>>> print(open('target_2.cif').read())   # mmCIF, C-alpha atoms
data_query
loop_
_atom_site.label_atom_id
_atom_site.label_comp_id
_atom_site.auth_asym_id
_atom_site.auth_seq_id
_atom_site.Cartn_x
_atom_site.Cartn_y
_atom_site.Cartn_z
CA MET A 1 0.00 0.00 0.00
CA GLU A 2 1.18 3.49 -0.85
CA PHE A 3 -0.36 6.41 1.05
CA GLU A 4 0.27 9.92 -0.25
CA ALA A 5 -0.79 13.29 1.10
CA LEU A 6 -0.23 15.87 -1.63
CA GLN A 7 0.57 19.48 -0.83
CA ALA A 8 -2.98 20.81 -0.76
CA ARG A 9 -2.39 24.19 0.93
CA TYR A 10 -4.83 24.36 3.86
CA GLY A 11 -6.93 21.41 2.61
CA ASP A 12 -6.71 17.65 2.07
CA CYS A 13 -5.78 15.70 -1.05
CA LEU A 14 -4.88 12.05 -0.45
CA PHE A 15 -3.94 9.43 -3.05
CA ILE A 16 -3.82 5.76 -2.02
CA THR A 17 -2.82 2.79 -4.15
CA LEU A 18 -3.04 -0.90 -3.28
CA PRO A 19 -2.01 -3.91 -5.34
CA GLY A 20 -4.77 -6.07 -6.47
CA LEU A 21 -6.93 -5.82 -9.61
CA GLY A 22 -4.98 -7.89 -12.11
CA PRO A 23 -3.16 -7.11 -15.34
CA VAL A 24 -3.74 -4.23 -17.70
CA PRO A 25 -2.95 -4.60 -21.40
CA GLY A 26 0.77 -5.00 -21.90
CA PRO A 27 3.39 -7.27 -20.38
CA GLY A 28 4.09 -7.53 -16.67
CA GLN A 29 1.79 -4.83 -15.31
CA ASP A 30 -0.86 -5.27 -12.62
CA ARG A 31 -3.37 -2.48 -12.21
CA PRO A 32 -3.49 -1.25 -8.61
CA ILE A 33 -6.58 -0.23 -6.70
CA ARG A 34 -6.65 3.56 -6.52
CA LEU A 35 -8.47 5.83 -4.07
CA LEU A 36 -8.57 9.62 -4.24
CA ILE A 37 -9.75 11.34 -1.05
CA ASP A 38 -10.53 15.04 -1.44
CA GLY A 39 -8.98 17.49 -3.88
CA GLY A 40 -7.99 20.49 -1.81
CA PRO A 41 -9.06 24.12 -2.36
CA ALA A 42 -8.77 26.25 -5.50
CA GLY A 43 -5.55 25.75 -7.42
CA VAL A 44 -4.57 22.39 -5.92
CA TYR A 45 -5.82 20.43 -8.93
CA ARG A 46 -3.38 22.31 -11.16
CA THR A 47 -0.41 22.39 -8.78
CA ALA A 48 -0.60 18.90 -7.29
CA LEU A 49 -3.43 16.56 -8.26
CA GLU A 50 -3.13 16.89 -12.03
CA ARG A 51 0.60 16.25 -11.82
CA ARG A 52 0.06 13.16 -9.68
CA LEU A 53 -2.43 11.75 -12.20
CA ILE A 54 0.03 12.39 -15.05
CA THR A 55 2.70 10.51 -13.10
CA GLU A 56 0.34 7.58 -12.62
CA ALA A 57 -0.59 7.57 -16.32
CA THR A 58 3.10 7.55 -17.26
CA LYS A 59 3.69 4.59 -14.97
CA PHE A 60 0.82 2.64 -16.59
CA PRO A 61 0.91 3.70 -20.27
CA GLN A 62 -1.31 0.83 -21.40
CA GLU A 63 -4.12 1.85 -19.05
CA LYS A 64 -6.00 4.54 -20.94
CA PRO A 65 -7.34 6.37 -19.08
CA VAL A 66 -6.02 5.60 -15.61
CA ASN A 67 -8.80 4.17 -13.44
CA ILE A 68 -9.71 5.65 -10.05
CA ASP A 69 -11.80 3.07 -8.20
CA ALA A 70 -13.24 5.48 -5.66
CA VAL A 71 -13.21 9.25 -5.28
CA MET A 72 -14.27 10.29 -1.79
CA VAL A 73 -15.16 13.88 -0.95
CA SER A 74 -15.19 13.83 2.82
CA HIS A 75 -17.47 16.88 3.10
CA VAL A 76 -18.65 20.07 1.44
CA ASP A 77 -15.98 22.54 2.60
CA GLU A 78 -14.13 24.20 -0.28
CA ASP A 79 -10.73 23.04 0.98
CA HIS A 80 -11.80 19.46 0.29
CA ILE A 81 -14.18 19.64 -2.67
CA LEU A 82 -12.91 22.21 -5.17
CA GLY A 83 -10.06 20.10 -6.57
CA ILE A 84 -12.52 17.29 -7.28
CA VAL A 85 -14.92 19.74 -8.97
CA ASP A 86 -11.98 20.84 -11.14
CA LEU A 87 -11.07 17.23 -11.95
CA PHE A 88 -14.62 16.26 -12.92
CA GLY A 89 -14.88 19.44 -14.96
CA LYS A 90 -11.73 18.47 -16.89
CA ILE A 91 -13.22 15.04 -17.59
CA ARG A 92 -16.43 16.62 -18.91
CA ASP A 93 -14.42 19.02 -21.07
CA ALA A 94 -12.41 16.10 -22.48
CA ASP A 95 -15.63 14.29 -23.37
CA GLN A 96 -17.06 17.35 -25.06
CA GLY A 97 -13.82 17.93 -26.97
CA LYS A 98 -13.49 14.22 -27.81
CA THR A 99 -10.03 14.05 -26.21
CA PRO A 100 -8.72 11.46 -23.73
CA ARG A 101 -9.94 11.75 -20.16
CA PRO A 102 -7.29 12.51 -17.51
CA CYS A 103 -8.64 9.55 -15.52
CA GLN A 104 -11.70 7.31 -15.21
CA PRO A 105 -13.44 7.52 -11.80
CA LYS A 106 -15.73 4.61 -10.92
CA TRP A 107 -17.39 5.67 -7.67
CA LEU A 108 -18.07 9.02 -6.02
CA LEU A 109 -18.52 8.82 -2.25
CA HIS A 110 -19.98 12.11 -1.04
CA ASN A 111 -22.75 13.39 1.22
CA SER A 112 -24.46 16.50 -0.09
CA LEU A 113 -26.14 18.94 2.27
CA ASP A 114 -29.44 17.85 0.68
CA GLY A 115 -28.73 14.26 1.63
CA LEU A 116 -27.68 15.09 5.17
CA ILE A 117 -30.83 17.03 5.99
CA GLY A 118 -33.15 14.68 4.10
CA GLU A 119 -34.13 17.01 1.24
CA GLY A 120 -34.41 15.94 -2.37
CA GLU A 121 -31.70 17.18 -4.75
CA GLY A 122 -31.96 20.97 -4.79
CA GLY A 123 -34.41 21.05 -1.89
CA THR A 124 -32.10 22.99 0.39
CA ALA A 125 -31.67 25.79 -2.14
CA ARG A 126 -35.42 26.10 -2.58
CA ALA A 127 -36.01 26.18 1.18
CA LEU A 128 -33.25 28.67 1.87
CA SER A 129 -34.16 31.16 -0.85
CA GLY A 130 -30.37 31.44 -1.22
CA PRO A 131 -29.69 35.19 -1.70
CA THR A 132 -32.17 36.19 1.04
CA VAL A 133 -30.53 34.01 3.67
CA LEU A 134 -27.00 34.96 2.59
CA ALA A 135 -27.94 38.63 2.86
CA SER A 136 -29.25 38.03 6.39
CA LEU A 137 -26.02 36.30 7.36
CA ASP A 138 -24.00 39.15 5.84
CA ALA A 139 -25.97 41.58 7.99
CA ALA A 140 -25.17 39.50 11.06
CA LEU A 141 -21.48 39.57 10.15
CA ILE A 142 -21.48 43.36 9.75
CA ALA A 143 -23.30 43.84 13.04
CA ALA A 144 -20.81 41.66 14.88
CA VAL A 145 -17.70 43.51 13.66
CA PRO A 146 -16.39 46.29 15.93
CA GLY A 147 -17.83 49.54 14.67
CA GLY A 148 -21.10 47.84 13.71
CA THR A 149 -24.24 47.88 15.78
CA ALA A 150 -23.38 44.79 17.84
CA GLY A 151 -19.60 44.79 18.14
CA ASP A 152 -19.69 42.80 21.35
CA ASP A 153 -20.90 39.62 19.64
CA PRO A 154 -17.82 38.02 18.02
CA ASP A 155 -19.22 34.53 18.56
CA GLY A 156 -22.25 35.42 16.49
CA ALA A 157 -19.96 36.68 13.77
CA MET A 158 -18.01 33.44 13.67
CA LYS A 159 -21.21 31.39 13.49
CA SER A 160 -22.58 33.53 10.68
CA GLN A 161 -19.29 33.30 8.78
CA THR A 162 -19.28 29.50 9.03
CA ALA A 163 -22.92 29.34 8.01
CA ARG A 164 -22.22 31.50 5.00
CA LEU A 165 -19.33 29.28 3.93
CA VAL A 166 -21.51 26.18 4.29
CA LEU A 167 -24.19 27.70 2.06
CA GLN A 168 -21.62 28.78 -0.51
CA SER A 169 -20.13 25.28 -0.49
CA TYR A 170 -23.62 23.95 -1.16
CA GLY A 171 -23.37 25.35 -4.68
CA GLN A 172 -20.05 23.62 -5.22
CA ALA A 173 -21.53 20.32 -4.06
CA SER A 174 -24.44 20.75 -6.46
CA THR A 175 -21.98 21.39 -9.28
CA LEU A 176 -20.11 18.22 -8.36
CA ALA A 177 -23.33 16.19 -8.42
CA THR A 178 -24.18 17.57 -11.87
CA LEU A 179 -20.70 16.80 -13.20
CA ALA A 180 -20.75 13.27 -11.76
CA ALA A 181 -24.00 12.58 -13.58
CA ALA A 182 -22.63 14.06 -16.82
CA ILE A 183 -19.52 11.85 -16.80
CA GLN A 184 -21.50 8.82 -15.58
CA VAL A 185 -19.82 8.22 -12.23
CA SER A 186 -21.85 6.15 -9.75
CA ARG A 187 -22.56 8.04 -6.54
CA ASN A 188 -22.68 6.38 -3.11
CA PRO A 189 -23.00 2.80 -4.38
CA PRO A 190 -24.87 0.59 -4.38
CA ASP A 191 -28.08 2.55 -3.71
CA GLN A 192 -27.09 6.26 -3.55
CA ARG A 193 -28.07 6.46 0.13
CA THR A 194 -26.46 9.05 2.38
CA ILE A 195 -23.24 7.55 3.71
CA MET A 196 -23.37 7.28 7.50
CA PHE A 197 -22.84 4.80 10.32
CA ASP A 198 -26.01 3.00 11.35
CA PRO A 199 -25.38 0.28 13.99
CA ALA A 200 -28.36 -1.66 12.67
CA GLN A 201 -27.04 -1.60 9.10
CA PRO A 202 -23.23 -1.17 8.98
CA ARG A 203 -21.85 -0.06 5.64
CA VAL A 204 -18.71 -1.75 4.33
CA LEU A 205 -17.46 -1.14 0.79
CA GLN A 206 -15.22 -3.72 -0.89
CA LEU A 207 -12.39 -2.75 -3.24
CA GLY A 208 -10.48 -5.87 -4.24
CA ASP A 209 -8.91 -7.18 -1.04
CA ALA A 210 -9.47 -3.87 0.72
CA THR A 211 -12.48 -2.80 2.80
CA LEU A 212 -13.77 0.66 3.65
CA THR A 213 -15.78 0.54 6.87
CA VAL A 214 -17.91 3.65 7.40
CA VAL A 215 -17.79 4.91 10.99
CA GLY A 216 -19.10 8.45 10.48
CA PRO A 217 -21.17 10.50 10.37
CA LEU A 218 -23.36 8.84 13.03
CA GLN A 219 -26.98 8.05 12.19
CA ARG A 220 -28.14 9.48 15.54
CA ASP A 221 -26.51 12.85 14.84
CA VAL A 222 -27.79 13.04 11.27
CA ASP A 223 -31.30 12.37 12.62
CA ALA A 224 -30.85 15.21 15.13
CA LEU A 225 -29.68 17.56 12.37
CA ARG A 226 -32.73 16.69 10.29
CA ARG A 227 -35.02 17.51 13.22
CA GLU A 228 -33.33 20.88 13.70
CA TRP A 229 -33.60 21.60 9.98
CA SER A 230 -37.31 20.79 10.00
CA LYS A 231 -37.87 23.20 12.91
CA TRP A 232 -36.05 26.00 11.13
CA LYS A 233 -37.75 25.38 7.79
CA ALA A 234 -41.17 25.59 9.43
CA LYS A 235 -40.40 29.18 10.56
CA GLN A 236 -37.67 30.47 8.19
CA LYS A 237 -37.32 33.62 10.25
CA ASP A 238 -34.63 32.97 12.84
CA THR A 239 -31.38 33.49 10.96
CA ALA A 240 -29.38 33.26 14.19
CA SER A 241 -30.63 29.74 14.89
CA LEU A 242 -29.84 28.71 11.31
CA ALA A 243 -26.31 30.06 11.68
CA ALA A 244 -25.86 28.17 14.94
CA THR A 245 -27.10 24.92 13.39
CA LEU A 246 -24.87 25.24 10.33
CA ASP A 247 -21.90 26.25 12.46
CA THR A 248 -22.07 23.43 15.00
CA ALA A 249 -23.77 20.59 13.16
CA VAL A 250 -23.00 20.58 9.46
CA PRO A 251 -19.19 20.76 9.56
CA ASN A 252 -19.03 18.08 12.25
CA LEU A 253 -21.66 15.77 10.80
CA SER A 254 -20.89 16.02 7.12
CA SER A 255 -17.43 14.44 7.22
CA ILE A 256 -17.36 10.86 6.00
CA VAL A 257 -15.03 8.85 8.26
CA VAL A 258 -13.80 5.44 7.10
CA LEU A 259 -11.37 2.81 8.30
CA LEU A 260 -9.46 1.39 5.34
CA GLN A 261 -8.21 -2.16 5.96
CA TRP A 262 -5.97 -4.19 3.67
CA GLN A 263 -4.01 -7.33 4.56
CA GLY A 264 -3.81 -6.38 8.23
CA LYS A 265 -2.94 -2.73 7.55
CA LYS A 266 -5.27 -0.01 8.85
CA VAL A 267 -5.66 3.62 7.76
CA LEU A 268 -8.16 5.94 9.47
CA LEU A 269 -9.46 8.70 7.18
CA THR A 270 -11.14 11.38 9.28
CA GLY A 271 -11.98 14.43 7.14
CA ASP A 272 -12.84 17.29 9.49
CA ALA A 273 -14.82 15.17 11.96
CA ARG A 274 -14.62 15.71 15.71
CA GLY A 275 -12.48 13.23 17.59
CA ASP A 276 -15.20 12.25 20.05
CA TYR A 277 -17.58 11.49 17.17
CA ILE A 278 -14.91 9.33 15.52
CA LEU A 279 -14.42 7.36 18.74
CA ASP A 280 -18.19 6.85 19.06
CA GLY A 281 -18.34 5.48 15.51
CA LEU A 282 -15.41 3.11 16.01
CA GLU A 283 -16.91 1.87 19.27
CA GLY A 284 -20.34 1.39 17.71
CA ALA A 285 -18.84 -0.55 14.81
CA GLY A 286 -17.08 -2.92 17.22
CA LEU A 287 -13.64 -1.83 16.00
CA MET A 288 -12.24 -0.72 19.36
CA PRO A 289 -10.43 -3.38 21.41
CA GLN A 290 -11.80 -4.28 24.83
CA GLN A 291 -8.48 -3.35 26.41
CA GLY A 292 -5.84 -0.90 25.33
CA PRO A 293 -5.81 1.46 22.35
CA LEU A 294 -6.80 0.73 18.78
CA LYS A 295 -3.52 0.28 16.91
CA ILE A 296 -3.45 1.47 13.33
CA ASP A 297 -0.80 2.21 10.74
CA ILE A 298 -1.83 5.69 9.58
CA LEU A 299 -4.05 8.34 11.17
CA LYS A 300 -4.98 11.35 9.05
CA LEU A 301 -5.35 13.95 11.79
CA PRO A 302 -8.87 15.42 11.92
CA HIS A 303 -9.36 18.93 10.56
CA HIS A 304 -5.72 19.40 9.49
CA GLY A 305 -4.44 18.96 13.04
CA SER A 306 -6.78 21.46 14.72
CA ILE A 307 -6.88 21.16 18.52
CA ARG A 308 -10.59 21.97 18.39
CA ASN A 309 -11.28 18.54 16.91
CA THR A 310 -8.87 16.54 19.05
CA PRO A 311 -9.73 15.70 22.67
CA ARG A 312 -7.08 14.08 24.84
CA ASP A 313 -8.68 10.63 24.85
CA PHE A 314 -8.61 10.57 21.03
CA PHE A 315 -4.83 10.13 21.10
CA ALA A 316 -5.06 7.88 24.14
CA LYS A 317 -7.51 5.49 22.49
CA ILE A 318 -6.01 5.45 18.98
CA HIS A 319 -2.30 4.77 18.54
CA ALA A 320 -0.82 5.14 15.06
CA ASP A 321 2.62 4.49 13.61
CA HIS A 322 2.15 7.51 11.34
CA TYR A 323 0.24 10.74 12.05
CA VAL A 324 -0.44 12.94 9.00
CA ALA A 325 -1.26 16.65 9.31
CA SER A 326 -2.31 18.22 6.01
CA GLY A 327 -2.13 22.00 6.39
CA ASP A 328 0.06 25.01 5.58
CA GLY A 329 -0.54 27.20 8.65
CA THR A 330 -3.75 28.83 7.43
CA TYR A 331 -6.32 28.92 10.26
CA GLY A 332 -3.44 27.96 12.55
CA ASN A 333 -3.39 24.36 11.35
CA PRO A 334 -1.65 22.21 12.33
CA ASP A 335 -2.02 23.52 15.87
CA ARG A 336 0.97 23.51 18.18
CA ALA A 337 -1.41 22.42 20.95
CA THR A 338 -2.29 19.29 18.96
CA LEU A 339 1.35 18.30 18.57
CA GLU A 340 2.00 18.92 22.26
CA LEU A 341 -1.08 16.90 23.21
CA LEU A 342 0.08 13.94 21.11
CA GLU A 343 3.48 14.08 22.80
CA ALA A 344 1.91 14.34 26.25
CA VAL A 345 -0.22 11.25 25.65
CA ARG A 346 2.58 9.26 23.97
CA PRO A 347 5.80 10.70 25.43
CA ASP A 348 7.94 7.65 24.64
CA GLY A 349 7.60 8.27 20.90
CA GLY A 350 8.22 5.45 18.46
CA TYR A 351 6.01 6.98 15.76
CA THR A 352 6.34 9.46 12.89
CA VAL A 353 4.55 12.79 12.45
CA HIS A 354 4.21 13.92 8.83
CA LEU A 355 3.62 17.58 7.91
CA THR A 356 2.72 18.38 4.32
CA TYR A 357 4.66 21.66 4.62
CA ASP A 358 7.75 22.42 6.67
CA ALA A 359 7.15 23.82 10.15
CA GLY A 360 8.86 27.15 9.47
CA SER A 361 6.67 27.95 6.47
CA CYS A 362 3.55 26.90 8.44
CA ASP A 363 4.48 29.40 11.14
CA GLU A 364 4.97 32.18 8.59
CA VAL A 365 1.61 31.48 6.95
CA HIS A 366 -0.09 31.29 10.36
CA LYS A 367 1.39 34.65 11.36
CA SER A 368 0.36 36.29 8.07
CA TRP A 369 -3.13 34.79 8.20
CA ALA A 370 -3.73 35.94 11.79
CA ALA A 371 -2.54 39.52 11.23
CA GLY A 372 -5.39 42.00 11.64
CA ARG A 373 -8.13 39.37 11.83
CA LYS A 374 -11.11 39.91 14.08
CA ASN A 375 -12.32 37.47 16.73
CA ILE A 376 -9.05 35.54 17.03
CA PRO A 377 -6.07 36.24 19.29
CA PRO A 378 -2.98 37.73 17.63
CA TYR A 379 -0.22 35.34 16.64
CA ASP A 380 2.05 34.57 19.58
CA PRO A 381 5.19 32.59 18.67
CA ASP A 382 5.58 31.28 22.22
CA ARG A 383 2.10 29.81 22.03
CA ASP A 384 1.57 29.16 18.32
CA SER A 385 4.88 28.38 16.62
CA ILE A 386 5.30 24.69 15.76
CA ALA A 387 8.93 24.96 14.60
CA PRO A 388 10.39 24.75 18.15
CA VAL A 389 8.41 21.58 18.83
CA ILE A 390 9.60 19.99 15.59
CA GLU A 391 13.22 21.02 16.23
CA ARG A 392 13.12 19.56 19.74
CA TRP A 393 11.63 16.30 18.47
CA ARG A 394 14.42 16.01 15.92
CA SER A 395 17.11 16.60 18.52
CA GLU A 396 15.63 14.14 21.03
CA GLY A 397 15.04 11.43 18.43
CA LYS A 398 12.04 9.78 20.09
CA ILE A 399 9.45 11.20 17.68
CA LYS A 400 10.40 11.13 14.00
CA VAL A 401 9.32 14.01 11.76
CA GLU A 402 8.90 14.17 7.98
CA GLU A 403 8.09 17.47 6.20
CA GLY A 404 6.84 17.99 2.66
CA PRO A 405 4.67 15.82 0.36
CA VAL A 406 3.84 12.65 2.27
CA ARG A 407 4.54 9.18 0.90
CA ILE A 408 4.21 6.18 3.24
CA SER A 409 4.76 2.59 2.07
CA LEU A 410 3.12 -0.18 4.09
#
>>> encode(input="target_2.cif", output="structure tokens")
Amino acid sequence: MEFEALQARYGDCLFITLPGLGPVPGPGQDRPIRLLIDGGPAGVYRTALERRLITEATKFPQEKPVNIDAVMVSHVDEDHILGIVDLFGKIRDADQGKTPRPCQPKWLLHNSLDGLIGEGEGGTARALSGPTVLASLDAALIAAVPGGTAGDDPDGAMKSQTARLVLQSYGQASTLATLAAAIQVSRNPPDQRTIMFDPAQPRVLQLGDATLTVVGPLQRDVDALRREWSKWKAKQKDTASLAATLDTAVPNLSSIVVLLQWQGKKVLLTGDARGDYILDGLEGAGLMPQQGPLKIDILKLPHHGSIRNTPRDFFAKIHADHYVASGDGTYGNPDRATLELLEAVRPDGGYTVHLTYDAGSCDEVHKSWAAGRKNIPPYDPDRDSIAPVIERWRSEGKIKVEEGPVRISL
């Protein structure tokens, strides 16, 4: 198995290959199983993903086009979905221009906002009256900024900002669904149901010798979100409650979380899910041992290594040989507090932490991003800089560190 985390700026773009689907035309070549998880934000398709697909096509010249067995978009945020929208758009353009496709996706695994809240395709847009609600959220943002009419409500501003981003991402998800239909990619096989963990009906996808066991989002939490949506839709007046629901529920619930297993190897793909939700899903699926931590090979850190998604018992209950943080310092990710928490829980080391960008550049981006922003504390190198932690780990030798594009062979 080869696990790669491409440099996807502040987003995720993972490429996994496994041996196993037999020969392609030509001597001595076996076609691997290929999984693409997320595509990063704007620009990442051109700078990283497209190049990786060209490399794969060069390696398998008889396979035209290169097959991608599953494309998983963990959730609707632009730092995960836009690169996949760009890829599917390139495939559609190739079809229209009667030129070779850059690749051939088989499955699309993705939960739309419509699916999460139980609306038919396009139902959310009709219920929200898009521009009206966005204008209301914009008004809430203006009011919450110092100098506005409610400058003492920064929390309301943050909720409205998140809600606005969720609604904007809704359009990107709708575009992806349209493109998937146009290029004839099967969505959420075998029955197009919303992908979630239901203890009464566990969902396990088979790819050759590999399995993808869905452990999130949780059925109980999706049901709760649907109840909240129904309450809001019945009134459609309380923009503040809509912002709160979109802020707290949608980002946490929309991330598809899967445990990839192949010949005894285990990779936990977490999207931006909360750590406590991930633990609940693993426990409900019977994947946690009765004693001691769950031992896995690779853990993709939730939400790019944000401390807000990583409670202490998450690291205590899941031990990995490799921890992967995909982020460039934007939004402060990966968080220094996350790295320090991992070390505090596993002080003896014996594992590797992978950063998709070097620690120094992450600190510079974090500092630049934080400058002049409202509702967040100013950048403090003593509190926020990850470079000293990485330098100390290197000198002590207990925790290994790799920086740059990630490639792990299992």
>>> resolve_selection(input="target_2.cif", expression="the PyMOL selection byres ((chain A and resi 40) around 6)", output="PyMOL selection string")
chain A and resi 8+11-13+39+41+44+79-80+83
>>> residues_around(input="target_2.cif", residues="Thr330 of chain A", least_positions_apart="5", cutoff="8 Å", atoms="only C-alpha atoms", output="number ranges by chain")
A: 10, 362, 365-366, 369
>>> atom_distance(input="target_2.cif", atom1="atom CA of Gly349 of chain A", atom2="atom CA of Ala325 of chain A")
16.8 Å
>>> closest_residue(input="target_2.cif", among="A:Leu225, A:Leu179, A:Ile386, A:Leu18", to="Thr211 of chain A", atoms="all atoms listed in the file")
A:Leu18
>>> residues_around(input="target_2.cif", residues="segment 212-214 of chain A", least_positions_apart="4", cutoff="8 Å", atoms="all atoms listed in the file", output="ChimeraX atom specification")
/A:195-197,202-207,256-261
>>> write_last_selection(input="target_2.cif", atoms="C-alpha atoms", output="PDB file, in the frame of the given file")
ATOM      1  CA  ILE A 195     -23.240   7.550   3.710  1.00  0.00           C
ATOM      2  CA  MET A 196     -23.370   7.280   7.500  1.00  0.00           C
ATOM      3  CA  PHE A 197     -22.840   4.800  10.320  1.00  0.00           C
ATOM      4  CA  PRO A 202     -23.230  -1.170   8.980  1.00  0.00           C
ATOM      5  CA  ARG A 203     -21.850  -0.060   5.640  1.00  0.00           C
ATOM      6  CA  VAL A 204     -18.710  -1.750   4.330  1.00  0.00           C
ATOM      7  CA  LEU A 205     -17.460  -1.140   0.790  1.00  0.00           C
ATOM      8  CA  GLN A 206     -15.220  -3.720  -0.890  1.00  0.00           C
ATOM      9  CA  LEU A 207     -12.390  -2.750  -3.240  1.00  0.00           C
ATOM     10  CA  ILE A 256     -17.360  10.860   6.000  1.00  0.00           C
ATOM     11  CA  VAL A 257     -15.030   8.850   8.260  1.00  0.00           C
ATOM     12  CA  VAL A 258     -13.800   5.440   7.100  1.00  0.00           C
ATOM     13  CA  LEU A 259     -11.370   2.810   8.300  1.00  0.00           C
ATOM     14  CA  LEU A 260      -9.460   1.390   5.340  1.00  0.00           C
ATOM     15  CA  GLN A 261      -8.210  -2.160   5.960  1.00  0.00           C
TER      16      GLN A 261
END
>>> atom_distance(input="target_2.cif", atom1="atom CA of Asp382 of chain A", atom2="atom CA of Glu396 of chain A")
19.9 Å
>>> closest_residue(input="target_2.cif", among="A:Lys59, A:His303, A:Arg220, A:Arg407", to="Thr356 of chain A", atoms="all atoms listed in the file")
A:Arg407
>>> closest_residue(input="target_2.cif", among="A:Gly332, A:Trp107, A:Asp272, A:Glu343", to="Pro378 of chain A", atoms="only C-alpha atoms")
A:Gly332
>>> resolve_selection(input="target_2.cif", expression="the PyMOL selection byres ((chain A and resi 106) around 9)", output="PyMOL selection string")
chain A and resi 67-71+104-105+107-108+184-187
>>> write_last_selection(input="target_2.cif", atoms="C-alpha atoms", output="mmCIF file, keeping the file's coordinate frame")
data_model
loop_
_atom_site.group_PDB
_atom_site.id
_atom_site.type_symbol
_atom_site.label_atom_id
_atom_site.label_comp_id
_atom_site.auth_asym_id
_atom_site.auth_seq_id
_atom_site.Cartn_x
_atom_site.Cartn_y
_atom_site.Cartn_z
ATOM 1 C CA ASN A 67 -8.800 4.170 -13.440
ATOM 2 C CA ILE A 68 -9.710 5.650 -10.050
ATOM 3 C CA ASP A 69 -11.800 3.070 -8.200
ATOM 4 C CA ALA A 70 -13.240 5.480 -5.660
ATOM 5 C CA VAL A 71 -13.210 9.250 -5.280
ATOM 6 C CA GLN A 104 -11.700 7.310 -15.210
ATOM 7 C CA PRO A 105 -13.440 7.520 -11.800
ATOM 8 C CA TRP A 107 -17.390 5.670 -7.670
ATOM 9 C CA LEU A 108 -18.070 9.020 -6.020
ATOM 10 C CA GLN A 184 -21.500 8.820 -15.580
ATOM 11 C CA VAL A 185 -19.820 8.220 -12.230
ATOM 12 C CA SER A 186 -21.850 6.150 -9.750
ATOM 13 C CA ARG A 187 -22.560 8.040 -6.540
#
>>> atom_distance(input="target_2.cif", atom1="atom CA of Pro61 of chain A", atom2="atom CA of Gly43 of chain A")
26.3 Å
>>> decode(input="target_2.cif", residues="segment 192-202 of chain A", atoms="N, CA, C and O atoms", output="PDB file, in the first residue's frame")
ATOM      1  N   GLN A 192     -27.099   4.794  -3.622  1.00  0.00           N
ATOM      2  CA  GLN A 192     -27.088   6.259  -3.555  1.00  0.00           C
ATOM      3  C   GLN A 192     -27.568   6.818  -2.215  1.00  0.00           C
ATOM      4  O   GLN A 192     -27.814   8.014  -2.094  1.00  0.00           O
ATOM      5  N   ARG A 193     -27.675   5.961  -1.192  1.00  0.00           N
ATOM      6  CA  ARG A 193     -28.068   6.461   0.127  1.00  0.00           C
ATOM      7  C   ARG A 193     -26.993   7.362   0.719  1.00  0.00           C
ATOM      8  O   ARG A 193     -25.814   7.237   0.402  1.00  0.00           O
ATOM      9  N   THR A 194     -27.408   8.260   1.615  1.00  0.00           N
ATOM     10  CA  THR A 194     -26.460   9.051   2.375  1.00  0.00           C
ATOM     11  C   THR A 194     -25.514   8.113   3.126  1.00  0.00           C
ATOM     12  O   THR A 194     -25.947   7.148   3.750  1.00  0.00           O
ATOM     13  N   ILE A 195     -24.226   8.399   3.058  1.00  0.00           N
ATOM     14  CA  ILE A 195     -23.240   7.546   3.713  1.00  0.00           C
ATOM     15  C   ILE A 195     -23.132   7.953   5.182  1.00  0.00           C
ATOM     16  O   ILE A 195     -22.792   9.096   5.498  1.00  0.00           O
ATOM     17  N   MET A 196     -23.473   7.025   6.071  1.00  0.00           N
ATOM     18  CA  MET A 196     -23.371   7.278   7.504  1.00  0.00           C
ATOM     19  C   MET A 196     -23.305   5.945   8.230  1.00  0.00           C
ATOM     20  O   MET A 196     -23.540   4.881   7.647  1.00  0.00           O
ATOM     21  N   PHE A 197     -22.948   6.013   9.521  1.00  0.00           N
ATOM     22  CA  PHE A 197     -22.837   4.802  10.317  1.00  0.00           C
ATOM     23  C   PHE A 197     -24.142   4.554  11.051  1.00  0.00           C
ATOM     24  O   PHE A 197     -24.558   5.327  11.905  1.00  0.00           O
ATOM     25  N   ASP A 198     -24.786   3.451  10.700  1.00  0.00           N
ATOM     26  CA  ASP A 198     -26.012   2.995  11.350  1.00  0.00           C
ATOM     27  C   ASP A 198     -25.697   1.650  11.997  1.00  0.00           C
ATOM     28  O   ASP A 198     -25.415   0.674  11.289  1.00  0.00           O
ATOM     29  N   PRO A 199     -25.715   1.551  13.344  1.00  0.00           N
ATOM     30  CA  PRO A 199     -25.383   0.280  13.995  1.00  0.00           C
ATOM     31  C   PRO A 199     -26.233  -0.884  13.519  1.00  0.00           C
ATOM     32  O   PRO A 199     -25.776  -2.031  13.497  1.00  0.00           O
ATOM     33  N   ALA A 200     -27.463  -0.588  13.120  1.00  0.00           N
ATOM     34  CA  ALA A 200     -28.356  -1.658  12.666  1.00  0.00           C
ATOM     35  C   ALA A 200     -28.050  -2.100  11.244  1.00  0.00           C
ATOM     36  O   ALA A 200     -28.477  -3.174  10.817  1.00  0.00           O
ATOM     37  N   GLN A 201     -27.332  -1.284  10.493  1.00  0.00           N
ATOM     38  CA  GLN A 201     -27.040  -1.598   9.097  1.00  0.00           C
ATOM     39  C   GLN A 201     -25.663  -1.057   8.726  1.00  0.00           C
ATOM     40  O   GLN A 201     -25.542  -0.088   7.980  1.00  0.00           O
ATOM     41  N   PRO A 202     -24.594  -1.662   9.254  1.00  0.00           N
ATOM     42  CA  PRO A 202     -23.234  -1.169   8.980  1.00  0.00           C
ATOM     43  C   PRO A 202     -22.939  -1.167   7.480  1.00  0.00           C
ATOM     44  O   PRO A 202     -23.410  -2.032   6.739  1.00  0.00           O
TER      45      PRO A 202
END
